[in-house]
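Q: Structure below; questions to follow.
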Amino acid sequence: MGLLPTLDTEYTEREVTDVFRGYNHQLKIGDGEFYDMENLTSAYYPLLANRHKRGIVRTFDDPGGIIAKDALAWVDGGTLYYNGEATPVTGMAPGEKLLVSMGAYIIIFPDKRFYNTIDPTDYGSMESTYTSTGVVKYRMCKMDGTEYSTPTVSPTEPVSPQNGDLWVDTSQDVHVLRQYSSAADEWTAIPTVYTKITFISEGELPGLFNEYDGVTISGAEPDVNGDKVIYKIGGDSGTLDYMIVVGLLEQAVDQTTGVLKIERKVPDLDYVIECQNRLWGCRYGDGLNELYCCALGDFKNWRQYMGLSTDSWTASVGANGEWTGAVNYLGYPTFFKEDRLYRISISAGGAHSVSETVCRGVQKGSSKSLVVVNETLLYKTRGEVCSYQGSFPNSISDALGDVVYHDAVAGAVGDRYYISMLDADDKPALFVFDLKRGLWMKEDALRVVQFERMGDELYAVTEKHRLLAMNGSDGMLEPYVSWAAETGIMYYQYPDRKYVSRFNCRLQMEEGAELTFYIQYDSDGEWVRQGNVRFKGTTTYTLPIRPRRCDHLQIRLEGKGEFKLFSITKILEIGSDDILCVLGPLNVLEPPVVA
């Protein structure tokens, strides 16, 4: 029997990538990662897919800031809008605003305005000022306004006093009001003495100030000038107005000259947050390096000192440098410089304390990167994006590569942290970090100046004055999403004489979607078109691509419309030694196979 010839069988292997791990802009990256991408999302992980269409909600004339309450509120052209309607809060200076929520109120800095979203008639300025050039009367009194009789003013006690007589003891530097008790036969010190200030304001004064307001008085009698608390205030049209403050006035005075000025001031603050029914702020400059909080539940009062747990509070900080950001993190007011953070422990008794941690702080200009995502604080430092959970920050941004970014603005919805940054050439880039899966995605060059989450939607104000709904639940949707994905370097030749003979892409695309496949050989900078697919209906398709011989290659997918990539498969074959040693510029080029 004759012998038949033996045929060599072609040996093949498959390497399947079906888990896509997002953006990694480093020279060496892992399987399923992409060196560059545009408009992709981790929402369908482990699949690769395009992001949601964004909704265009409205266009602003001159946006200042945005905040979410029961509805969206924003400042545009010096006017506060709430739920799309203009409010009476107008006339604010141009420029960026910080909008803070406290109860039903919206607080606007640096203009120091407020608006009650429940009662639209309750609005105005946090600060108040009153000046009087008329006759002002000062009388020593009790807290309820009852005036004292005229006291004796002397360094020695009066002779033959009667029960109830008053004596201002001037024997010490600090003068003391004493009252005689015939039963005890002694002069007893009155611990707190008040002064009643009376003048004609036709009800204006009670309209500007309230009881227990902390005010600064100037132009009055020396014992009355300074920071004071209003313990009583009253009067109306046609009557004398009055206010009662702490002060020992040795004799009745009628002031007929000069200007009496009463001010309720709010400090100029670099950053402001709300925490535990107080506003907390910081200030650096003009000789100040301080932290502040307002009185409990009262955002108008920052100088209310009555010795109570509800008082205002101020603390100085020793470390030099500007404040770079602030956030309410897990119920702790937390303030940042570039090289440290300060955490305030709030005391029920009012003795708040500050702890300092020397660490990577918030980069100057990136205060808006501070966002809490699922109990983890994320923010931009000078060199990276960090996460913080109460101890020390940890970098999470190795995947962003060596590109240096600045002026970060961030927001979050669900598990995803959106951050818009500028590179060294001031070119914008929008990234998304999936905290649950620990991977980055890159969207596009959208420059966002502020994010604000409301419900399950994340709103973005862009530098082009547009308000966008990033998940597309509001506004007019964009017609389609253009997207791209570029791999890292993939080697054509494998050990044991294996080489890549074909790529198979398994994907699903909806009607009207389009895909183009490119390959770049040996890092020559030229993307060679390998195939194009247009879909007429929703289907799943396998796109085969056959590369030419080379040393290494990269692949790039570009398209528009809805798609989901299930897998990329590399088909490996065994080649001869002679063929596999002929690589690089000596290759015999094969024409591309168009799918």
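The chains in the structure tokens are called A, B, ... from first to last as shown; in each chain the residues are counted from 1, and the ligands are counted from 1 in the order shown.
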Would you list, as a PyMOL selection string, the residues of region 85-296 of chain A that end up in strand (DSSP E or B) under DSSP run on this structure's backbone?
A: chain A and resi 85-86+98-102+105-109+113-116+123-125+128-132+136-141+147+152-154+166-169+176-181+186-189+194-199+214-218+226-229+232-234+241-246+253-255+260-264+271-275+278-285+288-293+295
Q: Determine, using only C-alpha atoms, which residues of region 114-184 of chain A have any atom at most 12 Å from an atom of region 259-263 of chain A, and tabulate each with its shortest atom pair and distance in Å to one decimal place, rows ordered by chain and then rising number, as CSV.
A:
residue,atom,partner,partner_atom,distance
A:Met126,CA,A:Glu263,CA,10.9
A:Glu127,CA,A:Glu263,CA,7.4
A:Ser128,CA,A:Glu263,CA,5.7
A:Thr129,CA,A:Glu263,CA,4.4
A:Tyr130,CA,A:Ile262,CA,5.2
A:Thr131,CA,A:Lys261,CA,4.4
A:Ser132,CA,A:Leu260,CA,5.2
A:Thr133,CA,A:Val259,CA,5.0
A:Gly134,CA,A:Val259,CA,8.1
A:Val135,CA,A:Leu260,CA,9.7
A:Val136,CA,A:Leu260,CA,8.1
A:Lys137,CA,A:Leu260,CA,11.0
A:Tyr138,CA,A:Leu260,CA,11.7
Q: Keeping only all heavy atoms, write those residues as a CSV table (one decimal), in the first residue's frame.
A:
chain,number,residue,atom,x,y,z
A,126,MET,N,-26.9,90.1,54.5
A,126,MET,CA,-26.5,89.6,55.8
A,126,MET,C,-25.9,90.7,56.7
A,126,MET,O,-26.0,90.5,57.9
A,126,MET,CB,-25.4,88.5,55.6
A,126,MET,CG,-25.9,87.3,54.8
A,126,MET,SD,-24.5,86.3,54.3
A,126,MET,CE,-23.9,85.7,55.8
A,127,GLU,N,-25.4,91.7,56.1
A,127,GLU,CA,-24.9,92.8,56.9
A,127,GLU,C,-25.9,94.0,57.0
A,127,GLU,O,-26.8,94.1,56.1
A,127,GLU,CB,-23.6,93.4,56.3
A,127,GLU,CG,-22.5,92.4,56.2
A,127,GLU,CD,-21.2,92.9,55.7
A,127,GLU,OE1,-21.3,93.7,54.7
A,127,GLU,OE2,-20.1,92.7,56.2
A,128,SER,N,-25.8,94.8,58.1
A,128,SER,CA,-26.6,95.9,58.3
A,128,SER,C,-25.8,97.1,58.8
A,128,SER,O,-24.9,96.8,59.7
A,128,SER,CB,-27.8,95.6,59.2
A,128,SER,OG,-28.8,94.8,58.6
A,129,THR,N,-26.2,98.3,58.5
A,129,THR,CA,-25.5,99.5,59.0
A,129,THR,C,-26.5,100.6,59.2
A,129,THR,O,-27.4,100.8,58.4
A,129,THR,CB,-24.4,100.0,58.0
A,129,THR,OG1,-23.5,99.0,57.7
A,129,THR,CG2,-23.7,101.2,58.5
A,130,TYR,N,-26.4,101.2,60.4
A,130,TYR,CA,-27.2,102.4,60.7
A,130,TYR,C,-26.4,103.5,61.2
A,130,TYR,O,-25.5,103.3,62.0
A,130,TYR,CB,-28.3,102.0,61.8
A,130,TYR,CG,-29.1,103.2,62.2
A,130,TYR,CD1,-30.2,103.6,61.4
A,130,TYR,CD2,-28.8,103.9,63.4
A,130,TYR,CE1,-30.9,104.7,61.8
A,130,TYR,CE2,-29.6,105.0,63.8
A,130,TYR,CZ,-30.6,105.4,63.0
A,130,TYR,OH,-31.3,106.5,63.4
A,131,THR,N,-26.6,104.7,60.8
A,131,THR,CA,-25.9,105.9,61.3
A,131,THR,C,-26.9,106.9,61.7
A,131,THR,O,-28.0,107.1,61.1
A,131,THR,CB,-25.0,106.5,60.2
A,131,THR,OG1,-25.8,106.8,59.0
A,131,THR,CG2,-23.9,105.6,59.8
A,132,SER,N,-26.6,107.6,62.8
A,132,SER,CA,-27.5,108.7,63.3
A,132,SER,C,-26.7,109.9,63.6
A,132,SER,O,-25.6,109.9,64.2
A,132,SER,CB,-28.1,108.2,64.6
A,132,SER,OG,-28.9,109.2,65.2
A,133,THR,N,-27.2,111.0,63.1
A,133,THR,CA,-26.5,112.3,63.3
A,133,THR,C,-27.4,113.2,64.2
A,133,THR,O,-27.0,114.4,64.5
A,133,THR,CB,-26.3,113.1,62.0
A,133,THR,OG1,-27.5,113.2,61.3
A,133,THR,CG2,-25.3,112.3,61.1
A,134,GLY,N,-28.5,112.7,64.7
A,134,GLY,CA,-29.3,113.5,65.6
A,134,GLY,C,-28.9,113.3,67.1
A,134,GLY,O,-27.8,112.9,67.4
A,135,VAL,N,-29.8,113.7,67.9
A,135,VAL,CA,-29.6,113.6,69.4
A,135,VAL,C,-29.7,112.1,69.8
A,135,VAL,O,-30.6,111.4,69.5
A,135,VAL,CB,-30.6,114.4,70.2
A,135,VAL,CG1,-30.4,114.2,71.7
A,135,VAL,CG2,-30.5,115.9,69.8
A,136,VAL,N,-28.6,111.7,70.5
A,136,VAL,CA,-28.6,110.3,71.0
A,136,VAL,C,-28.4,110.3,72.5
A,136,VAL,O,-27.6,111.0,73.0
A,136,VAL,CB,-27.4,109.5,70.3
A,136,VAL,CG1,-27.4,108.0,70.8
A,136,VAL,CG2,-27.5,109.5,68.8
A,137,LYS,N,-29.3,109.6,73.2
A,137,LYS,CA,-29.3,109.6,74.6
A,137,LYS,C,-28.8,108.3,75.2
A,137,LYS,O,-29.1,107.2,74.6
A,137,LYS,CB,-30.7,109.8,75.2
A,137,LYS,CG,-31.3,111.2,74.8
A,137,LYS,CD,-32.6,111.4,75.4
A,137,LYS,CE,-33.2,112.8,75.0
A,137,LYS,NZ,-34.6,113.0,75.6
A,138,TYR,N,-27.9,108.3,76.2
A,138,TYR,CA,-27.3,107.1,76.8
A,138,TYR,C,-27.7,107.1,78.3
A,138,TYR,O,-27.4,108.1,79.0
A,138,TYR,CB,-25.8,107.2,76.6
A,138,TYR,CG,-25.3,107.2,75.2
A,138,TYR,CD1,-25.1,108.5,74.6
A,138,TYR,CD2,-25.0,106.1,74.5
A,138,TYR,CE1,-24.6,108.6,73.3
A,138,TYR,CE2,-24.6,106.2,73.2
A,138,TYR,CZ,-24.4,107.4,72.6
A,138,TYR,OH,-23.9,107.5,71.3
Q: Using only C-alpha atoms, which protein or nucleic acid residues come within 10 Å of region 79-84 of chain A? Drop anything in the same chain fewer than 5 positions from it, and give the result as a list in words.
A: Asp62, Pro63, Gly64, Gly65, Ile66, Ile67, Ala68, Lys69, Asp70, Ala71, Leu72, Ala73, Trp74, Val89, Thr90, Gly91, Met92, Ala93, Pro94, Ile106, Ile108, Arg113, Phe114, Tyr115 and Thr117 of chain A
Q: Using 12 Å as the limit and counting only C-alpha atoms, can you tabulate each residue of region 99-215 of chain A that touches region 282-296 of chain A, with its shortest atom-to-atom distance in Å and the two atoms involved, as CSV?
A:
residue,atom,partner,partner_atom,distance
A:Met102,CA,A:Leu296,CA,11.2
A:Met126,CA,A:Cys294,CA,11.4
A:Tyr212,CA,A:Ala295,CA,10.1
A:Asp213,CA,A:Ala295,CA,9.6
A:Gly214,CA,A:Ala295,CA,9.5
Q: Please identify the helix (DSSP H, G or I) residues within region 188-396 of chain A (assignment by DSSP from backbone atoms) and present them as a VMD selection string.
A: chain A and resid 204 to 208 367 to 369
Q: Might you pull out every residue within 9 Å of Asn163 (chain A), with only C-alpha atoms counted and same-chain residues fewer than 2 positions away left off, and present them as a ChimeraX atom specification?
A: /A:161,165,179-183,185
